[in-house]
Structure formats: C-alpha cells, structure tokens
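Okay, structure first, notes after.
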Amino acid sequence: MNETDIIENAPKKEKNKLKSNLAYQIIYQVFSILVPLITTPYISRILGPTNIGIYSFNFSINKYFCLFVALGISTYGARLVALKSDKQDDLNKSVSSLLILHFIIGIIVLIIYYLYCFLFVKTDTSIAYIIGLISIATLFDISWIYFGLEKFKTTIIRNFIIKVINVLLIFLLVQKETDLVMYTFIMSFGVLLGQGVLWINLKKHITFVKPQKKEILIHIKPLLVLFIPVIAVNLYKYIDKIMLGVYLDKASVGFYEQSEKVTDIPLTIITAFGAVMLPRTTYLFKNNQKELAQKYFRKTILIVAILVFAIAFGITAVAPLFVPLFFGNGYEVCIDILPILSISIIFAGFSNVIRTQVLIPKGKDFQYCMFLIVGALFNFIGNLILIPLIGLYGAVYSTLLVEFLIFIQYAISSNKDSKSVKCLLRVIPFLIFAALMYLLIKLISPFFESEWFDLFVLIMIGGSFYLFLSGVYLLIFERDFVKNLPIINKFNKKLKKNSKLTE
C-alpha cells in the first residue's frame, strides 16, 4: 500500500475533521496576522519605543510567573485528553484531577507574583500590577481540553471575538503617549476575558468528578517533565528582553520587541499546523498508524518549507522599505536587526513541526527537555557575553544561534521515527528559489520608493517569482504532493464528472 492509498483509505469522518480543524486554525491565524499588521504601526507611533519597552519588559517578567501557573499543562493536558477521549469516564477523572492540581499551584504562584510587585517593583508599578491579570487568565486557561478533543472551532471563535474587541478598544482609548496604562489593561483584561468564556461550554464535554488524592498527584511528575522545556523555551524567548532592559535601556527592549513581533506573525501559521497535528499524530502513534503519521509529517515539512523560506528571505529583502512605513520614525535600528531575526523563522518553523508531530506524540519528553535546556543555557550565556560587547545585536545573534542549535538537535533525534533528515533535504530547492527571489528584490528595489504601494508591488513581484519556481518544481518532482492538494482533488473530480457527462 503506497502513501496515497493510506490517505485515501483513512476514515472519511476523520479526514474531514482534520481538514476542518486545520481550516479553522489557518483562518484564525490569518486573522491573527492581520491584527498586529493593523495595530503595531499605530501603537509604535502613539506610545514610542520606550513605552513599548516598559510594557515588554514587565510582560516578560510576568511571563515566567505564568509559566509556573501553567506548569506545562497546555501540552500535557492536550495529549492526556487526546489519549482519554475514547472513554468518557476516564476523561472526566483525568481532567478533574488535573484542574484541581492546576488551581492549587496557580493560586500559590499568583500570591508570590503580587508579593514580588509589592516588595520589589519600584518603577512603573501600575503596569506590573495590571499585567498580573495575564497570570490570573493562565489560571483559568482550559483551552487544552478543547485542543485535546479537537474542538478547535470553540476556541477560535472566542479568540476571534476577543481580538476584535481589543483592536477596537486600542483605537478608541489609546490615543496619546501617556495611555500606556490603558493599553496594558486592554491587552491583559482581554486575555482574562477570553479564558473565562471557554468555561461556559465546558459542561457539554466534561463532567466534573471528585478525584482521589493519588489521582491528582499522579500528574505531578509528567507535568514537571514537560514544564522544564516550557521554562527553557521561554527562558531563551523572554530573557533577551529582560537582559536588554537590565544592561541597556527600555528603548532597546522596544526595538527588539517590535522586530520580534514581525517575525512572530508568520510563525502563527506554523503554530496552527502544530496545534492541529499534535492531538491527531498522538492518536495515530497510539493506534500504531505510523505510516499515516509519517505521511502527515512529510507533507507538513514541505508546506512549512515553502512558507518559511519565502517569508524569511522576503522580510530580509524588503526591510529597508518596510520598517519606516510600518513602525514610523525612530525605529531605524530595526532595519538592521529585523533581517537577522527573520532567518530564525526558518529554524523555528521546522522545529515546531518536529516537536509537535514527532517528539511530543512519541512521548520523547526527556529528549525534548534536554534540547531546550541546552538552548536556553546557550542563549543566556550568549546574551551575557554579547550584549555588553555589541549591545542590541548581541541579543539578536544569540537568538538566531539558539534557534539553529535546537533545530539541529530536533532533526537528528527525530530521524529514526520520521526520517526527518531526508525530509529536510527535499526542501533545499525552495531555499534556492527563496535566495533567487531575494536577489531579484534587491536588484529592482532601488527603482521603488518608500511608499506602501511600491512595497506592495515589490512583494508581489518577488512572491510571484518564488511561487512560479516553486510551482514548476512541485509539478515536476513532487507530483504526489500536488495531486493530494484539496484544490487539485476538487478540480480532478470536476474533470471526471464533466467527462462522464459528455460521453
């Protein structure tokens, strides 16, 4: 049986469910891309680099308290729910016991956070207190239940509504540089409101039961195992901003924050694939459907490669035109640091696929943990050495190095289960096409001015060139991949139907 047969013989209900979940995620992630594209230029101009740095610095510190509140429950909980979804009684017991443990730990951490604010925060205290609402929101986060049950529609509709409200409130209430407190409240309370809404429909899926003490304690060890990588990944993600704020100033944090925000936008699409495929791949490995899991992995790697190469090289090429238009005056330093950070999109994108479709579903938690710990240590040491020497660029180069190291470790460790190295070698042509696109854009960009229309035309020219090369290559060398695309399947079905009618 070949790979195409495996897909075609999969239960139709399961295929439709997977497609539906992926469609919901992609639609929402496209919307998530549009939101910062709308709000970031406005906030950059209204608040300025220093205020953005103050918000980002306090948010980064609060993020570590959020991690202790969550204690790795997002990944562990989603996987647990996926594994127990076939038996409702087991599912009720597992979710109930995990929620109780979550609340006990979360309340303790919240008390510690507000003690920290009271005893140690001496400047911008109101910002620190308000951002604490995000920690409270983390305590009430039950999105992992819906993800494990593959009920993505509920969480996506909720997130969509909350984001729309947030955007409207930002434009209505944040109108001058002194509105940082209002901006912080809108962003923080929006997260809390979003988590609260999910509890309304929980009774439809879970019946709360009183668990025994041992049923609660059994979750501690696996949670701690997955908590270590969560701490590690966030250590290297947020420690940059904290160390920049300590060694340099809040404006440097603002420059880094805004540049990173641009690179995070395309990664939301990659995250959508991971969120959908994690419970599905976990289920497939559990039921010994390894071939189908590998098929999904290979297709995802190819899709992600087409996206990340185009985005990374595209951002690098148009940065001189994009930064002044998007951020406004005073952000010129981002022209230099944005291209460096954009290359990390490539490594982070592939790492996300390997993590969510091989390492976590296969239960390789220890390897997953160790790789991220090594990465976090490298990032901390890199920042410690490079920031005092070359300032803001130290944090940028350290981030790029860490993303590369983690990607290499993931690829090697997952090779036995998914032949990831072979899959990654297949994407080299798209790297070449992206490099050619970059050269084309740099060659013609001197003929374009720093205007939105000119930037749009430049992106369209570069993107069309890249898509043409990629499309030709796929049609010649990846025909199985192209043949199984939904749009191609529909087109072929229509052709067959029309041919029958004409006979």
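Ordering of the structure tokens sets the chain letters (A, B, ...), residue numbers begin anew at 1 in every chain, and ligands are numbered from 1 in the order given.
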Which residues are near Val246 of chain A? Cut-off 12 Å, only C-alpha atoms, ignore same chain within fewer than 2 positions. Put them as a PyMOL selection string.
chain A and resi 53-54+57-58+61+239-244+248-253+383-384+387-388+391-392
Leaving out Leu278 of chain A and any residue of its chain fewer than 3 positions from it, which residues lie within 9 Å of it when counting only C-alpha atoms, given as a PyMOL selection string?
chain A and resi 75+78-79+147-148+273-275+281-283+355-358+360-361
What does the file look like for those residues with N, CA, C and O atoms, as a PDB file, in the first residue's frame?
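Output saved as out18.pdb:
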```pdb
ATOM      1  N   THR A  75       0.567  21.415  26.914  1.00  0.00           N
ATOM      2  CA  THR A  75       0.982  20.255  26.121  1.00  0.00           C
ATOM      3  C   THR A  75       0.546  18.953  26.762  1.00  0.00           C
ATOM      4  O   THR A  75      -0.039  18.080  26.106  1.00  0.00           O
ATOM      5  N   ALA A  78      -3.401  18.548  26.700  1.00  0.00           N
ATOM      6  CA  ALA A  78      -3.938  18.244  25.372  1.00  0.00           C
ATOM      7  C   ALA A  78      -3.651  16.796  24.981  1.00  0.00           C
ATOM      8  O   ALA A  78      -4.512  16.105  24.433  1.00  0.00           O
ATOM      9  N   ARG A  79      -2.448  16.341  25.302  1.00  0.00           N
ATOM     10  CA  ARG A  79      -2.094  14.954  24.984  1.00  0.00           C
ATOM     11  C   ARG A  79      -2.898  13.973  25.830  1.00  0.00           C
ATOM     12  O   ARG A  79      -3.374  12.944  25.332  1.00  0.00           O
ATOM     13  N   PHE A 147      -8.462  21.584  22.722  1.00  0.00           N
ATOM     14  CA  PHE A 147      -7.458  21.146  21.751  1.00  0.00           C
ATOM     15  C   PHE A 147      -7.341  19.613  21.758  1.00  0.00           C
ATOM     16  O   PHE A 147      -7.236  18.990  20.710  1.00  0.00           O
ATOM     17  N   GLY A 148      -7.329  19.024  22.952  1.00  0.00           N
ATOM     18  CA  GLY A 148      -7.226  17.570  23.061  1.00  0.00           C
ATOM     19  C   GLY A 148      -8.411  16.857  22.450  1.00  0.00           C
ATOM     20  O   GLY A 148      -8.276  15.778  21.871  1.00  0.00           O
ATOM     21  N   PHE A 273      -0.454  24.636  12.279  1.00  0.00           N
ATOM     22  CA  PHE A 273      -0.228  23.253  11.875  1.00  0.00           C
ATOM     23  C   PHE A 273       0.074  22.387  13.102  1.00  0.00           C
ATOM     24  O   PHE A 273      -0.451  21.288  13.249  1.00  0.00           O
ATOM     25  N   GLY A 274       0.937  22.897  13.971  1.00  0.00           N
ATOM     26  CA  GLY A 274       1.313  22.128  15.151  1.00  0.00           C
ATOM     27  C   GLY A 274       0.157  21.872  16.086  1.00  0.00           C
ATOM     28  O   GLY A 274      -0.010  20.758  16.598  1.00  0.00           O
ATOM     29  N   ALA A 275      -0.682  22.901  16.303  1.00  0.00           N
ATOM     30  CA  ALA A 275      -1.818  22.762  17.217  1.00  0.00           C
ATOM     31  C   ALA A 275      -2.809  21.724  16.725  1.00  0.00           C
ATOM     32  O   ALA A 275      -3.390  20.969  17.508  1.00  0.00           O
ATOM     33  N   THR A 281      -1.647  13.347  15.575  1.00  0.00           N
ATOM     34  CA  THR A 281      -0.479  12.475  15.478  1.00  0.00           C
ATOM     35  C   THR A 281      -0.338  11.618  16.727  1.00  0.00           C
ATOM     36  O   THR A 281       0.070  10.452  16.649  1.00  0.00           O
ATOM     37  N   THR A 282      -0.659  12.178  17.882  1.00  0.00           N
ATOM     38  CA  THR A 282      -0.637  11.394  19.124  1.00  0.00           C
ATOM     39  C   THR A 282      -1.571  10.196  19.009  1.00  0.00           C
ATOM     40  O   THR A 282      -1.219   9.068  19.376  1.00  0.00           O
ATOM     41  N   TYR A 283      -2.766  10.424  18.474  1.00  0.00           N
ATOM     42  CA  TYR A 283      -3.749   9.350  18.298  1.00  0.00           C
ATOM     43  C   TYR A 283      -3.239   8.298  17.312  1.00  0.00           C
ATOM     44  O   TYR A 283      -3.399   7.096  17.528  1.00  0.00           O
ATOM     45  N   ARG A 355       8.705  19.002  16.703  1.00  0.00           N
ATOM     46  CA  ARG A 355       8.286  18.907  18.102  1.00  0.00           C
ATOM     47  C   ARG A 355       6.859  18.394  18.243  1.00  0.00           C
ATOM     48  O   ARG A 355       6.584  17.507  19.053  1.00  0.00           O
ATOM     49  N   THR A 356       5.942  18.952  17.439  1.00  0.00           N
ATOM     50  CA  THR A 356       4.520  18.629  17.601  1.00  0.00           C
ATOM     51  C   THR A 356       4.085  17.374  16.849  1.00  0.00           C
ATOM     52  O   THR A 356       3.020  16.816  17.148  1.00  0.00           O
ATOM     53  N   GLN A 357       4.901  16.911  15.877  1.00  0.00           N
ATOM     54  CA  GLN A 357       4.484  15.742  15.097  1.00  0.00           C
ATOM     55  C   GLN A 357       5.376  14.518  15.294  1.00  0.00           C
ATOM     56  O   GLN A 357       5.087  13.465  14.741  1.00  0.00           O
ATOM     57  N   VAL A 358       6.433  14.677  16.084  1.00  0.00           N
ATOM     58  CA  VAL A 358       7.282  13.513  16.351  1.00  0.00           C
ATOM     59  C   VAL A 358       7.619  13.398  17.837  1.00  0.00           C
ATOM     60  O   VAL A 358       7.228  12.430  18.506  1.00  0.00           O
ATOM     61  N   ILE A 360       6.831  15.053  20.810  1.00  0.00           N
ATOM     62  CA  ILE A 360       5.784  15.015  21.843  1.00  0.00           C
ATOM     63  C   ILE A 360       4.818  13.849  21.627  1.00  0.00           C
ATOM     64  O   ILE A 360       4.517  13.108  22.574  1.00  0.00           O
ATOM     65  N   PRO A 361       4.294  13.613  20.414  1.00  0.00           N
ATOM     66  CA  PRO A 361       3.408  12.461  20.229  1.00  0.00           C
ATOM     67  C   PRO A 361       4.065  11.120  20.545  1.00  0.00           C
ATOM     68  O   PRO A 361       3.395  10.192  21.002  1.00  0.00           O
TER      69      PRO A 361
END
```
Members of segment 140-230 of chain A assigned helix (DSSP H, G or I) by DSSP, as a count of residues only:
69
Got a sec: who's within 12 Å of Gly349 of chain A, counting only C-alpha atoms, leaving out chain neighbours fewer than 3 positions off, as a PyMOL selection string?
chain A and resi 263-274+300-309+311-312+342-346+352-356+403-404+406-407+410+424
With only C-alpha atoms as the counted atoms, please give the residues lying no more than 12 Å from Gly328 of chain A, apart from itself and same-chain residues fewer than 5 positions off, as a CSV table (one decimal) with N, CA, C and O atoms, in the first residue's frame.
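Contents of result_24.csv, as written:
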```csv
chain,number,residue,atom,x,y,z
A,40,THR,N,0.1,47.4,15.2
A,40,THR,CA,1.5,47.7,15.5
A,40,THR,C,2.0,49.0,15.0
A,40,THR,O,2.6,49.8,15.7
A,41,PRO,N,1.7,49.4,13.7
A,41,PRO,CA,2.1,50.7,13.3
A,41,PRO,C,1.4,51.8,14.1
A,41,PRO,O,2.1,52.9,14.4
A,42,TYR,N,0.2,51.6,14.5
A,42,TYR,CA,-0.5,52.7,15.3
A,42,TYR,C,0.2,52.8,16.7
A,42,TYR,O,0.5,53.9,17.2
A,43,ILE,N,0.4,51.6,17.4
A,43,ILE,CA,0.9,51.7,18.7
A,43,ILE,C,2.4,52.1,18.7
A,43,ILE,O,2.8,52.9,19.6
A,44,SER,N,3.1,51.8,17.7
A,44,SER,CA,4.5,52.2,17.6
A,44,SER,C,4.6,53.7,17.5
A,44,SER,O,5.5,54.3,18.2
A,45,ARG,N,3.7,54.3,16.8
A,45,ARG,CA,3.7,55.8,16.7
A,45,ARG,C,3.2,56.5,17.9
A,45,ARG,O,3.7,57.6,18.3
A,46,ILE,N,2.1,55.9,18.5
A,46,ILE,CA,1.5,56.6,19.7
A,46,ILE,C,2.3,56.4,21.0
A,46,ILE,O,2.6,57.4,21.6
A,47,LEU,N,2.7,55.2,21.3
A,47,LEU,CA,3.5,55.0,22.5
A,47,LEU,C,5.0,55.3,22.4
A,47,LEU,O,5.6,55.7,23.4
A,48,GLY,N,5.6,55.0,21.3
A,48,GLY,CA,7.0,55.1,21.1
A,48,GLY,C,7.8,54.0,21.7
A,48,GLY,O,7.3,53.1,22.5
A,49,PRO,N,9.1,53.9,21.3
A,49,PRO,CA,9.9,52.7,21.7
A,49,PRO,C,10.1,52.5,23.2
A,49,PRO,O,10.1,51.4,23.7
A,258,GLN,N,9.5,45.1,18.8
A,258,GLN,CA,8.8,45.3,17.6
A,258,GLN,C,9.4,44.5,16.4
A,258,GLN,O,8.6,44.0,15.6
A,321,LEU,N,12.6,49.2,3.1
A,321,LEU,CA,11.4,49.9,2.8
A,321,LEU,C,10.3,49.7,3.8
A,321,LEU,O,9.5,50.6,4.1
A,322,PHE,N,10.2,48.5,4.4
A,322,PHE,CA,9.1,48.1,5.3
A,322,PHE,C,9.2,48.8,6.6
A,322,PHE,O,8.2,49.3,7.1
A,323,VAL,N,10.4,48.9,7.2
A,323,VAL,CA,10.5,49.4,8.6
A,323,VAL,C,10.0,50.8,8.8
A,323,VAL,O,9.2,51.1,9.6
A,333,VAL,N,16.9,51.5,13.6
A,333,VAL,CA,17.8,50.4,14.0
A,333,VAL,C,17.2,49.0,13.6
A,333,VAL,O,17.9,48.0,13.4
A,334,CYS,N,15.8,49.0,13.6
A,334,CYS,CA,15.1,47.7,13.2
A,334,CYS,C,15.4,47.3,11.8
A,334,CYS,O,15.3,46.1,11.4
A,335,ILE,N,15.9,48.2,10.9
A,335,ILE,CA,16.2,47.9,9.5
A,335,ILE,C,17.4,46.9,9.5
A,335,ILE,O,17.4,46.0,8.7
A,450,SER,N,9.8,54.6,-0.9
A,450,SER,CA,9.3,54.1,0.4
A,450,SER,C,7.8,54.5,0.5
A,450,SER,O,7.5,55.4,1.3
```
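Here atom CA of Leu386 of chain A stands at a distance of 18.0 Å from atom CA of Glu257 of chain A.
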